[in-house]
file start-v2.cif (mmCIF, C-alpha atoms)
data_target
#
loop_
_atom_site.label_atom_id
_atom_site.label_comp_id
_atom_site.auth_asym_id
_atom_site.auth_seq_id
_atom_site.Cartn_x
_atom_site.Cartn_y
_atom_site.Cartn_z
CA MET R 1 43.93 -22.97 -20.77
CA ILE R 2 45.63 -21.58 -23.89
CA ARG R 3 42.26 -21.19 -25.58
CA THR R 4 40.80 -19.53 -22.48
CA THR R 5 43.62 -17.01 -22.13
CA GLU R 6 43.39 -16.21 -25.83
CA GLN R 7 39.67 -15.58 -25.33
CA VAL R 8 40.31 -13.31 -22.36
CA VAL R 9 42.79 -11.22 -24.35
CA MET R 10 40.38 -11.11 -27.29
CA VAL R 11 37.54 -9.92 -25.03
CA LEU R 12 39.70 -7.25 -23.39
CA GLY R 13 41.05 -6.23 -26.79
CA THR R 14 37.55 -5.20 -27.89
CA MET R 15 37.31 -2.72 -25.03
CA LYS R 16 38.48 0.87 -25.00
CA GLY R 17 38.46 2.02 -21.38
CA VAL R 18 38.72 -0.93 -19.01
CA ALA R 19 41.34 -2.70 -21.15
CA MET R 20 43.94 -0.05 -20.33
CA LYS R 21 43.31 -0.39 -16.58
CA LEU R 22 43.53 -4.19 -16.73
CA GLY R 23 46.61 -3.98 -18.94
CA GLN R 24 48.26 -1.73 -16.34
CA MET R 25 47.42 -4.21 -13.60
CA MET R 26 48.83 -7.16 -15.55
CA SER R 27 52.01 -5.29 -16.44
CA VAL R 28 53.01 -5.07 -12.77
CA LEU R 29 53.35 -8.86 -12.58
CA ASP R 30 55.27 -11.20 -14.88
CA LEU R 31 52.27 -13.46 -15.38
CA ASP R 32 53.26 -16.97 -16.39
CA LEU R 33 49.82 -17.90 -17.69
CA VAL R 34 50.81 -20.12 -20.59
CA PRO R 35 53.52 -22.69 -21.41
CA ASP R 36 56.89 -21.54 -22.72
CA ASP R 37 56.26 -22.41 -26.36
CA HIS R 38 53.08 -20.30 -26.46
CA ARG R 39 54.20 -17.48 -24.19
CA GLU R 40 55.65 -15.18 -26.83
CA ARG R 41 52.40 -15.15 -28.83
CA PHE R 42 50.36 -14.45 -25.71
CA GLN R 43 52.71 -11.73 -24.48
CA GLN R 44 52.51 -10.02 -27.86
CA ARG R 45 48.74 -9.88 -27.54
CA LEU R 46 48.91 -8.74 -23.93
CA ALA R 47 51.34 -5.98 -24.96
CA VAL R 48 48.58 -4.56 -27.15
CA LEU R 49 46.52 -4.01 -24.01
CA ARG R 50 49.40 -2.46 -22.08
CA ASN R 51 50.14 -0.04 -24.89
CA ALA R 52 46.53 0.69 -25.77
CA ALA R 53 46.69 4.42 -25.04
CA PRO R 54 44.47 6.15 -27.61
CA THR R 55 46.03 8.62 -30.01
CA VAL R 56 44.06 11.78 -29.37
CA SER R 57 45.00 15.18 -30.73
CA PHE R 58 45.61 18.04 -28.34
CA GLU R 59 42.78 19.97 -30.00
CA SER R 60 40.35 17.21 -28.99
CA MET R 61 41.70 17.20 -25.44
CA ARG R 62 41.59 20.99 -25.32
CA ALA R 63 37.92 20.83 -26.31
CA VAL R 64 37.21 18.64 -23.27
CA ILE R 65 38.88 21.18 -20.96
CA GLU R 66 37.09 24.16 -22.47
CA GLN R 67 33.71 22.38 -22.48
CA ASP R 68 34.05 21.59 -18.77
CA PHE R 69 35.36 25.06 -17.85
CA GLY R 70 32.94 26.88 -20.14
CA CYS R 71 35.67 29.26 -21.29
CA PRO R 72 38.89 29.31 -23.35
CA LEU R 73 41.96 27.55 -21.96
CA THR R 74 43.86 30.84 -21.82
CA GLU R 75 41.39 32.27 -19.30
CA VAL R 76 42.26 29.53 -16.78
CA PHE R 77 45.99 28.90 -17.35
CA ALA R 78 48.84 31.34 -17.92
CA GLU R 79 50.76 28.58 -19.77
CA PHE R 80 49.74 25.14 -21.00
CA ASP R 81 52.17 22.69 -22.62
CA PRO R 82 50.30 20.77 -25.37
CA GLU R 83 52.66 17.78 -25.10
CA PRO R 84 51.36 15.26 -22.53
CA ILE R 85 53.83 14.31 -19.80
CA ALA R 86 52.09 11.04 -18.87
CA ALA R 87 49.20 8.76 -19.78
CA ALA R 88 46.55 7.97 -17.17
CA SER R 89 44.37 4.89 -17.56
CA ILE R 90 41.50 6.91 -19.05
CA GLY R 91 43.21 10.15 -19.99
CA GLN R 92 46.39 12.15 -20.39
CA VAL R 93 48.35 14.43 -18.06
CA TYR R 94 49.71 17.85 -19.07
CA ARG R 95 51.88 20.43 -17.38
CA ALA R 96 50.55 23.95 -16.98
CA THR R 97 51.02 27.17 -14.99
CA LEU R 98 48.27 29.06 -13.19
CA PRO R 99 48.02 32.86 -13.34
CA ASP R 100 49.42 33.04 -9.77
CA GLY R 101 52.58 31.21 -10.95
CA ARG R 102 51.84 27.77 -9.48
CA ALA R 103 52.99 24.82 -11.60
CA VAL R 104 50.21 22.25 -11.91
CA ALA R 105 49.51 18.86 -13.46
CA VAL R 106 46.28 18.70 -15.45
CA LYS R 107 44.69 15.27 -15.96
CA VAL R 108 42.15 15.25 -18.77
CA GLN R 109 39.82 12.41 -19.75
CA TYR R 110 39.80 11.16 -23.32
CA PRO R 111 36.70 12.33 -25.19
CA GLY R 112 33.94 9.73 -24.84
CA VAL R 113 35.92 7.45 -22.54
CA ASP R 114 33.19 7.60 -19.89
CA ALA R 115 30.69 5.98 -22.26
CA ALA R 116 33.35 3.49 -23.39
CA VAL R 117 34.15 2.41 -19.83
CA ARG R 118 30.48 1.95 -18.97
CA ALA R 119 30.01 -0.11 -22.13
CA ASP R 120 33.11 -2.13 -21.23
CA LEU R 121 31.74 -2.85 -17.78
CA LYS R 122 28.52 -4.14 -19.31
CA ASN R 123 30.62 -6.35 -21.57
CA LEU R 124 32.56 -7.62 -18.56
CA THR R 125 29.25 -8.76 -17.11
CA MET R 126 28.32 -10.44 -20.39
CA PHE R 127 31.66 -12.22 -20.60
CA ARG R 128 31.71 -13.19 -16.91
CA ARG R 129 31.66 -16.90 -17.72
CA VAL R 130 34.69 -16.62 -19.99
CA LEU R 131 36.60 -14.52 -17.46
CA ALA R 132 35.61 -16.77 -14.56
CA SER R 133 37.02 -19.81 -16.35
CA ALA R 134 40.46 -18.15 -16.13
CA MET R 135 39.86 -16.38 -12.79
CA PRO R 136 37.40 -18.36 -10.63
CA TRP R 137 37.17 -15.64 -7.99
CA ILE R 138 35.24 -13.40 -10.44
CA THR R 139 31.72 -13.70 -9.01
CA PRO R 140 28.71 -11.43 -9.66
CA ALA R 141 29.38 -9.67 -6.32
CA VAL R 142 33.02 -9.08 -7.26
CA LEU R 143 31.98 -7.72 -10.65
CA ASP R 144 29.53 -5.35 -8.94
CA GLU R 145 32.34 -4.10 -6.69
CA LEU R 146 34.62 -3.67 -9.71
CA LYS R 147 31.94 -1.72 -11.57
CA LEU R 148 31.28 0.52 -8.56
CA ASN R 149 34.95 1.42 -8.21
CA MET R 150 35.71 1.86 -11.91
CA GLU R 151 32.63 4.03 -12.50
CA ALA R 152 33.72 6.17 -9.55
CA GLU R 153 37.09 6.61 -11.26
CA LEU R 154 35.33 8.53 -14.05
CA ASP R 155 34.50 11.41 -11.69
CA TYR R 156 37.62 13.59 -11.44
CA GLN R 157 35.82 16.11 -9.25
CA ALA R 158 35.26 13.41 -6.61
CA GLU R 159 38.87 12.29 -7.04
CA ALA R 160 40.06 15.87 -6.42
CA ALA R 161 38.09 15.92 -3.16
CA THR R 162 39.62 12.57 -2.14
CA GLN R 163 43.12 13.73 -3.05
CA THR R 164 42.61 16.87 -0.97
CA GLU R 165 41.68 14.70 2.04
CA ILE R 166 44.70 12.41 1.60
CA ALA R 167 47.09 15.34 1.06
CA HIS R 168 45.82 16.80 4.35
CA LEU R 169 46.10 13.43 6.11
CA TYR R 170 49.79 13.13 5.07
CA ARG R 171 50.64 16.79 5.58
CA GLU R 172 54.21 17.38 6.81
CA HIS R 173 55.02 13.68 6.56
CA PRO R 174 58.78 12.97 6.70
CA PHE R 175 58.91 10.68 3.65
CA ILE R 176 55.47 10.59 1.97
CA VAL R 177 54.00 13.43 -0.07
CA VAL R 178 50.60 13.63 -1.74
CA PRO R 179 50.27 16.69 -3.99
CA ASN R 180 47.42 19.04 -3.20
CA ALA R 181 44.54 19.07 -5.65
CA VAL R 182 42.99 22.32 -6.82
CA PRO R 183 39.30 21.45 -6.32
CA GLU R 184 38.02 24.82 -7.54
CA LEU R 185 39.58 24.10 -10.96
CA SER R 186 38.63 20.41 -11.11
CA THR R 187 35.59 19.12 -12.99
CA THR R 188 34.14 15.73 -13.86
CA ARG R 189 36.67 15.32 -16.70
CA VAL R 190 39.54 17.60 -15.64
CA LEU R 191 41.66 17.29 -12.48
CA VAL R 192 44.16 20.01 -11.58
CA SER R 193 46.73 19.36 -8.86
CA GLU R 194 50.08 20.59 -7.62
CA PHE R 195 52.96 19.58 -9.91
CA VAL R 196 55.64 17.37 -8.36
CA GLU R 197 59.07 17.28 -9.98
CA GLY R 198 60.59 13.86 -9.51
CA THR R 199 62.27 10.69 -10.74
CA GLY R 200 60.04 8.08 -12.37
CA PHE R 201 59.80 4.41 -11.51
CA GLU R 202 62.01 3.16 -14.34
CA GLU R 203 64.86 5.36 -13.15
CA ILE R 204 64.22 4.33 -9.54
CA ARG R 205 64.75 0.70 -10.58
CA HIS R 206 68.38 1.52 -11.43
CA LEU R 207 69.23 3.26 -8.15
CA PRO R 208 71.68 1.66 -5.66
CA ASP R 209 70.32 -1.09 -3.41
CA ALA R 210 70.02 1.05 -0.28
CA GLN R 211 67.92 3.69 -2.05
CA ARG R 212 65.66 1.11 -3.68
CA ASN R 213 65.17 -0.65 -0.35
CA ARG R 214 64.22 2.63 1.31
CA ILE R 215 61.73 3.48 -1.44
CA GLY R 216 60.33 -0.06 -1.30
CA GLU R 217 59.60 0.24 2.43
CA ILE R 218 57.89 3.59 1.82
CA ILE R 219 55.72 2.06 -0.94
CA TYR R 220 54.80 -0.81 1.37
CA ARG R 221 53.91 1.54 4.22
CA PHE R 222 51.75 3.75 1.99
CA TYR R 223 49.80 1.18 -0.02
CA VAL R 224 49.46 -1.56 2.63
CA GLY R 225 50.15 0.13 5.97
CA SER R 226 47.52 2.83 5.36
CA LEU R 227 44.76 0.21 5.43
CA PHE R 228 45.70 -0.98 8.90
CA THR R 229 46.59 2.49 10.24
CA PHE R 230 43.75 4.61 8.82
CA ASN R 231 41.19 2.01 7.59
CA GLU R 232 41.58 3.48 4.11
CA PHE R 233 43.94 2.95 1.24
CA CYS R 234 44.65 3.72 -2.39
CA GLY R 235 43.52 0.71 -4.42
CA ASP R 236 45.70 1.41 -7.44
CA PRO R 237 49.37 0.61 -6.69
CA HIS R 238 51.12 1.13 -10.00
CA PRO R 239 54.63 2.25 -11.06
CA GLY R 240 53.17 5.20 -12.95
CA ASN R 241 51.73 6.57 -9.71
CA VAL R 242 55.04 6.85 -7.84
CA LEU R 243 57.74 9.55 -8.07
CA LEU R 244 60.91 10.14 -6.07
CA ALA R 245 60.71 13.83 -5.26
CA ARG R 246 63.80 16.04 -5.19
CA ASP R 247 63.69 16.30 -1.40
CA GLY R 248 63.91 12.51 -1.02
CA ARG R 249 60.26 11.96 -0.17
CA VAL R 250 58.17 9.62 -2.30
CA ALA R 251 55.19 11.23 -4.03
CA PHE R 252 52.03 9.21 -4.64
CA LEU R 253 49.60 10.13 -7.39
CA ASP R 254 46.17 9.06 -8.68
CA PHE R 255 43.32 8.58 -6.20
CA GLY R 256 40.54 7.52 -8.54
CA LEU R 257 40.40 4.07 -6.93
CA PHE R 258 40.39 4.91 -3.25
CA ASN R 259 38.72 2.79 -0.59
CA ARG R 260 37.65 3.17 3.00
CA MET R 261 36.99 -0.10 4.84
CA ASP R 262 34.86 -0.82 7.87
CA PRO R 263 37.30 -1.13 10.81
CA LYS R 264 35.70 -4.49 11.68
CA LEU R 265 36.71 -5.84 8.25
CA VAL R 266 40.23 -4.47 8.64
CA HIS R 267 40.39 -6.18 12.04
CA PHE R 268 39.29 -9.44 10.39
CA GLU R 269 42.19 -9.20 7.91
CA THR R 270 44.56 -8.47 10.82
CA LEU R 271 43.35 -11.54 12.72
CA CYS R 272 43.77 -13.75 9.64
CA LEU R 273 47.32 -12.54 9.03
CA ARG R 274 48.22 -13.05 12.69
CA ALA R 275 46.83 -16.59 12.64
CA ALA R 276 48.83 -17.38 9.48
CA ALA R 277 52.02 -15.86 10.90
CA GLU R 278 51.63 -17.99 14.03
CA ASP R 279 50.74 -21.20 12.13
CA ARG R 280 47.33 -21.38 13.81
CA ALA R 281 45.72 -23.19 10.89
CA GLU R 282 42.43 -24.17 12.53
CA ASP R 283 41.89 -20.68 13.95
CA LEU R 284 42.46 -19.23 10.48
CA ARG R 285 40.00 -21.67 8.91
CA GLN R 286 37.37 -20.86 11.53
CA LEU R 287 37.78 -17.11 10.96
CA MET R 288 37.24 -17.60 7.24
CA ILE R 289 34.20 -19.82 7.76
CA GLU R 290 32.59 -17.24 10.07
CA ARG R 291 33.30 -14.43 7.59
CA GLY R 292 31.92 -16.42 4.65
CA VAL R 293 35.22 -16.62 2.78
CA ILE R 294 34.92 -20.41 3.05
CA ASP R 295 31.35 -21.38 2.19
CA SER R 296 32.02 -25.13 1.79
CA PRO R 297 33.81 -26.06 5.04
CA GLU R 298 33.63 -29.76 4.32
CA GLU R 299 35.88 -29.26 1.27
CA ILE R 300 38.62 -27.19 2.95
CA GLY R 301 41.05 -28.49 5.54
CA ALA R 302 42.90 -26.27 7.98
CA GLU R 303 46.30 -26.92 6.39
CA GLU R 304 45.11 -26.02 2.87
CA CYS R 305 43.64 -22.81 4.25
CA LEU R 306 46.91 -21.90 5.98
CA GLU R 307 49.12 -22.79 3.03
CA TYR R 308 46.90 -20.78 0.68
CA VAL R 309 47.28 -17.64 2.80
CA LEU R 310 51.02 -18.21 3.17
CA ALA R 311 51.41 -18.68 -0.59
CA ALA R 312 50.09 -15.14 -1.08
CA SER R 313 51.40 -13.38 2.03
CA GLU R 314 54.33 -15.33 3.48
CA TRP R 315 56.72 -12.58 2.37
CA CYS R 316 55.41 -10.32 5.14
CA LEU R 317 54.59 -13.03 7.71
CA VAL R 318 58.01 -14.66 8.16
CA ASP R 319 60.54 -12.98 10.42
CA GLU R 320 63.53 -12.91 8.07
CA GLU R 321 65.16 -10.62 5.53
CA LEU R 322 63.81 -11.24 2.06
CA THR R 323 64.59 -9.90 -1.42
CA ILE R 324 61.41 -9.72 -3.46
CA THR R 325 61.93 -10.68 -7.11
CA PRO R 326 59.49 -10.46 -10.03
CA GLU R 327 59.33 -14.27 -10.09
CA LEU R 328 58.45 -14.41 -6.38
CA ALA R 329 55.71 -11.81 -6.73
CA SER R 330 54.08 -13.25 -9.84
CA GLY R 331 54.44 -16.79 -8.51
CA ALA R 332 52.44 -15.90 -5.41
CA PHE R 333 49.74 -14.29 -7.55
CA LEU R 334 49.49 -17.32 -9.81
CA LEU R 335 49.28 -19.78 -6.93
CA ALA R 336 46.32 -17.78 -5.65
CA VAL R 337 44.31 -17.41 -8.87
CA ASP R 338 45.67 -19.64 -11.68
CA PRO R 339 43.23 -22.55 -12.21
CA ARG R 340 45.94 -24.63 -13.94
CA ALA R 341 47.85 -24.97 -10.67
CA SER R 342 46.75 -28.05 -8.76
CA GLU R 343 47.50 -26.41 -5.41
CA PHE R 344 44.61 -24.99 -3.39
CA THR R 345 41.88 -26.16 -5.79
CA GLY R 346 39.31 -26.01 -2.99
CA MET R 347 40.27 -22.53 -1.80
CA LYS R 348 40.10 -21.13 -5.32
CA GLN R 349 36.45 -22.15 -5.54
CA GLN R 350 35.50 -20.23 -2.39
CA ASN R 351 33.94 -16.77 -2.42
CA LEU R 352 36.06 -13.77 -1.55
CA PRO R 353 33.64 -11.20 -0.09
CA PRO R 354 33.75 -8.22 -2.45
CA GLU R 355 34.64 -5.84 0.41
CA HIS R 356 38.07 -7.48 0.49
CA LEU R 357 38.62 -7.50 -3.28
CA PHE R 358 40.49 -4.21 -3.49
CA SER R 359 42.51 -4.66 -0.32
CA ARG R 360 43.83 -7.99 -1.62
CA ARG R 361 44.37 -6.47 -5.06
CA ALA R 362 46.35 -3.61 -3.49
CA ASP R 363 48.43 -6.17 -1.58
CA PHE R 364 49.25 -8.19 -4.72
CA LEU R 365 50.04 -5.15 -6.84
CA THR R 366 52.25 -3.67 -4.11
CA PHE R 367 54.08 -7.01 -3.97
CA GLY R 368 54.49 -6.78 -7.75
CA MET R 369 55.95 -3.28 -7.55
CA LEU R 370 58.42 -4.35 -4.86
CA GLY R 371 59.38 -7.27 -7.09
CA GLN R 372 60.17 -4.91 -9.96
CA LEU R 373 62.39 -2.91 -7.61
CA GLU R 374 63.92 -6.13 -6.19
CA CYS R 375 63.79 -4.63 -2.69
CA THR R 376 65.24 -6.31 0.39
CA ALA R 377 63.87 -5.93 3.93
CA ASN R 378 62.45 -7.81 6.85
CA TRP R 379 58.91 -7.03 5.77
CA HIS R 380 57.43 -8.84 8.77
CA LEU R 381 59.16 -6.52 11.24
CA VAL R 382 57.57 -3.58 9.42
CA ALA R 383 54.15 -5.28 9.36
CA ARG R 384 54.28 -6.03 13.11
CA GLU R 385 53.70 -2.31 13.69
CA TRP R 386 50.12 -2.64 12.46
CA LEU R 387 49.50 -6.39 12.99
CA TYR R 388 50.62 -6.40 16.64
CA ASP R 389 50.77 -2.69 17.48
CA GLU R 390 54.48 -3.07 18.25
CA PRO R 391 56.99 -0.19 18.29
CA PRO R 392 58.92 0.39 15.04
CA VAL R 393 62.40 -0.97 14.51
CA THR R 394 63.37 0.70 11.22
CA GLU R 395 64.53 4.28 10.74
CA LEU R 396 61.51 5.01 8.56
CA GLY R 397 59.20 3.44 11.14
CA LEU R 398 60.58 5.63 13.91
CA ALA R 399 60.10 8.76 11.78
CA HIS R 400 56.57 7.68 10.80
CA HIS R 401 55.48 7.04 14.41
CA GLU R 402 56.92 10.35 15.57
CA TRP R 403 54.87 12.01 12.82
CA LEU R 404 51.75 10.07 13.91
CA ARG R 405 52.29 11.30 17.46
CA THR R 406 52.20 14.93 16.34
CA HIS R 407 49.62 14.48 13.56
CA PRO R 408 46.91 12.20 15.00
CA PRO R 409 44.34 11.26 12.34
CA LYS R 410 40.80 12.57 12.70
CA PRO R 411 38.15 9.97 13.61
CA ALA R 412 36.92 8.11 10.52
CA LYS R 413 33.63 9.23 9.06
CA LYS R 414 30.80 6.79 9.71
CA THR R 415 29.82 6.55 6.07
CA ARG R 416 31.50 7.39 2.83
CA SER R 417 31.10 6.10 -0.67
CA ARG R 418 34.07 4.46 -2.28
CA LYS R 419 36.11 6.76 -4.50
#
call {"tool": "encode", "arguments": {"input": "start-v2.cif", "output": "structure tokens"}}
result
Amino acid sequence: MIRTTEQVVMVLGTMKGVAMKLGQMMSVLDLDLVPDDHRERFQQRLAVLRNAAPTVSFESMRAVIEQDFGCPLTEVFAEFDPEPIAAASIGQVYRATLPDGRAVAVKVQYPGVDAAVRADLKNLTMFRRVLASAMPWITPAVLDELKLNMEAELDYQAEAATQTEIAHLYREHPFIVVPNAVPELSTTRVLVSEFVEGTGFEEIRHLPDAQRNRIGEIIYRFYVGSLFTFNEFCGDPHPGNVLLARDGRVAFLDFGLFNRMDPKLVHFETLCLRAAAEDRAEDLRQLMIERGVIDSPEEIGAEECLEYVLAASEWCLVDEELTITPELASGAFLLAVDPRASEFTGMKQQNLPPEHLFSRRADFLTFGMLGQLECTANWHLVAREWLYDEPPVTELGLAHHEWLRTHPPKPAKKTRSRK
């Protein structure tokens, strides 16, 4: 296992674009992939991925903007601060002012990163066997789904259109804000959106318990609840994409990895979670066999199936108050995917349909964020709103449902490519 994890880090370390995204994902969880006496060496190598932001001069970034706009920067912006305010996975974010006085955030892709990401994705396919030895759920279908989503993330113009839709969906929400994009100024490599002044995740972590708990429930409702409420969700829960705005609402950023799911598939996930919450092991196993999640029924018993789901999702299926810690979040992730763990060997060899890859990923990464905040709540009581269509019992839930009553969502489009 040590050799395998070293190989995985070495493979990712040769990549320019995808490595940063994977490093971000890993940084949310305290992954205990190797024994104590080797952990420091491995973490040092993993840190290289997490901190792999390219050093690119502002002149090079300015050239990207001016190439896409076809005119000098000064013709588009009244002011433009050359110091980046944040790093995106494949670019940098700057603060600027439009001629009409609006403050905006400008996300700009690194020069050549599109070609680098596409080359990385080809390499991921080449190294599938190495990666699958550490993460058995990486199948060709899963890799195809990953490629589809990460290639879509390269198109900032499509992301601006998605962000515009989500900002409209959450308009006038009492505790969630999505900044409006400026589609007319967004291109394939440049995304301009409304600037949100707010407190970053690291500062949020040091707020009093009550404030952190409130923010944690909001994060849970946005990243997980949206799937069951609207059949769509942001697939990229990450601390860098969350701000506590000055008015107390939580702002969510970055919609490059955004997914809409077939309502039938969302209903399947709902039925599975209900069965697990109610300890209906055989019903859960049968659901998974019919969906193709379990393709070797003779190898999987009902109890292993139930315990596997509970290992990943018990935190929101048990009716009790729970403080989520980093250890709890990463432990659940490892039980689900770590081939060293003897538990659930049969389930780990089954095929997760790729349609569910990003919903499960969003669930795990949301769990990881809540662990970093060490939030406390009865998560199951919140989840019962969408799992059982029950009335809300929390203050935030009451406000959210009142907003839903006055802002009913439009019917979902029949088809839409993932963004």
call {"tool": "closest_residue", "arguments": {"input": "start-v2.cif", "among": "R:Ser57, R:Gln157, R:Thr406, R:Thr270", "to": "Trp386 of chain R", "atoms": "all atoms listed in the file"}}
result
R:Thr270
call {"tool": "residues_near_point", "arguments": {"input": "start-v2.cif", "point": "(44.7, 2.2, 8.3)", "cutoff": "9 Å", "atoms": "all atoms listed in the file", "output": "PyMOL selection string"}}
result
chain R and resi 224-233+260-261+263+266+386
call {"tool": "write_last_selection", "arguments": {"input": "start-v2.cif", "atoms": "C-alpha atoms", "output": "PDB file, keeping the file's coordinate frame"}}
result
ATOM      1  CA  VAL R 224      49.460  -1.560   2.630  1.00  0.00           C
ATOM      2  CA  GLY R 225      50.150   0.130   5.970  1.00  0.00           C
ATOM      3  CA  SER R 226      47.520   2.830   5.360  1.00  0.00           C
ATOM      4  CA  LEU R 227      44.760   0.210   5.430  1.00  0.00           C
ATOM      5  CA  PHE R 228      45.700  -0.980   8.900  1.00  0.00           C
ATOM      6  CA  THR R 229      46.590   2.490  10.240  1.00  0.00           C
ATOM      7  CA  PHE R 230      43.750   4.610   8.820  1.00  0.00           C
ATOM      8  CA  ASN R 231      41.190   2.010   7.590  1.00  0.00           C
ATOM      9  CA  GLU R 232      41.580   3.480   4.110  1.00  0.00           C
ATOM     10  CA  PHE R 233      43.940   2.950   1.240  1.00  0.00           C
ATOM     11  CA  ARG R 260      37.650   3.170   3.000  1.00  0.00           C
ATOM     12  CA  MET R 261      36.990  -0.100   4.840  1.00  0.00           C
ATOM     13  CA  PRO R 263      37.300  -1.130  10.810  1.00  0.00           C
ATOM     14  CA  VAL R 266      40.230  -4.470   8.640  1.00  0.00           C
ATOM     15  CA  TRP R 386      50.120  -2.640  12.460  1.00  0.00           C
TER      16      TRP R 386
END
call {"tool": "closest_residue", "arguments": {"input": "start-v2.cif", "among": "R:Val56, R:Leu357, R:Ala275, R:Met369", "to": "Leu306 of chain R", "atoms": "all atoms listed in the file"}}
result
R:Ala275
call {"tool": "residues_around", "arguments": {"input": "start-v2.cif", "residues": "Glu59 of chain R", "least_positions_apart": "5", "cutoff": "10 Å", "atoms": "all atoms listed in the file", "output": "PyMOL selection string"}}
result
chain R and resi 64-65+82
call {"tool": "atom_distance", "arguments": {"input": "start-v2.cif", "atom1": "atom CA of Gln372 of chain R", "atom2": "atom CA of Ala312 of chain R"}}
result
16.9 Å
call {"tool": "atom_distance", "arguments": {"input": "start-v2.cif", "atom1": "atom CA of Glu282 of chain R", "atom2": "atom CA of Pro354 of chain R"}}
result
23.5 Å
call {"tool": "resolve_selection", "arguments": {"input": "start-v2.cif", "expression": "the PyMOL selection byres ((chain R and resi 199) around 9)", "output": "PDB file with C-alpha atoms, in the frame of the given file"}}
result
ATOM      1  CA  GLU R 197      59.070  17.280  -9.980  1.00  0.00           C
ATOM      2  CA  GLY R 198      60.590  13.860  -9.510  1.00  0.00           C
ATOM      3  CA  GLY R 200      60.040   8.080 -12.370  1.00  0.00           C
ATOM      4  CA  PHE R 201      59.800   4.410 -11.510  1.00  0.00           C
ATOM      5  CA  GLU R 202      62.010   3.160 -14.340  1.00  0.00           C
ATOM      6  CA  GLU R 203      64.860   5.360 -13.150  1.00  0.00           C
ATOM      7  CA  ILE R 204      64.220   4.330  -9.540  1.00  0.00           C
ATOM      8  CA  VAL R 242      55.040   6.850  -7.840  1.00  0.00           C
ATOM      9  CA  LEU R 243      57.740   9.550  -8.070  1.00  0.00           C
ATOM     10  CA  LEU R 244      60.910  10.140  -6.070  1.00  0.00           C
ATOM     11  CA  ALA R 245      60.710  13.830  -5.260  1.00  0.00           C
ATOM     12  CA  ARG R 246      63.800  16.040  -5.190  1.00  0.00           C
TER      13      ARG R 246
END
call {"tool": "closest_residue", "arguments": {"input": "start-v2.cif", "among": "R:Val177, R:Leu284, R:Val318, R:Ile294", "to": "Ala383 of chain R", "atoms": "all atoms listed in the file"}}
result
R:Val318
call {"tool": "closest_residue", "arguments": {"input": "start-v2.cif", "among": "R:Leu169, R:Val382, R:Leu73, R:Val117", "to": "Lys147 of chain R", "atoms": "only C-alpha atoms"}}
result
R:Val117
call {"tool": "atom_distance", "arguments": {"input": "start-v2.cif", "atom1": "atom CA of Val93 of chain R", "atom2": "atom CA of Pro72 of chain R"}}
result
18.4 Å
call {"tool": "residues_around", "arguments": {"input": "start-v2.cif", "residues": "Glu83 of chain R", "least_positions_apart": "5", "cutoff": "9 Å", "atoms": "all atoms listed in the file", "output": "PyMOL selection string"}}
result
chain R and resi 58+93-95
call {"tool": "closest_residue", "arguments": {"input": "start-v2.cif", "among": "R:Tyr220, R:Leu148, R:Phe255, R:Ala105", "to": "Thr164 of chain R", "atoms": "all atoms listed in the file"}}
result
R:Phe255
call {"tool": "closest_residue", "arguments": {"input": "start-v2.cif", "among": "R:Phe222, R:Ile289, R:Leu373, R:Asp254", "to": "His173 of chain R", "atoms": "only C-alpha atoms"}}
result
R:Phe222
call {"tool": "residues_around", "arguments": {"input": "start-v2.cif", "residues": "Gly70 of chain R", "least_positions_apart": "6", "cutoff": "12 Å", "atoms": "all atoms listed in the file", "output": "number ranges by chain"}}
result
R: 62-64, 76, 185, 187
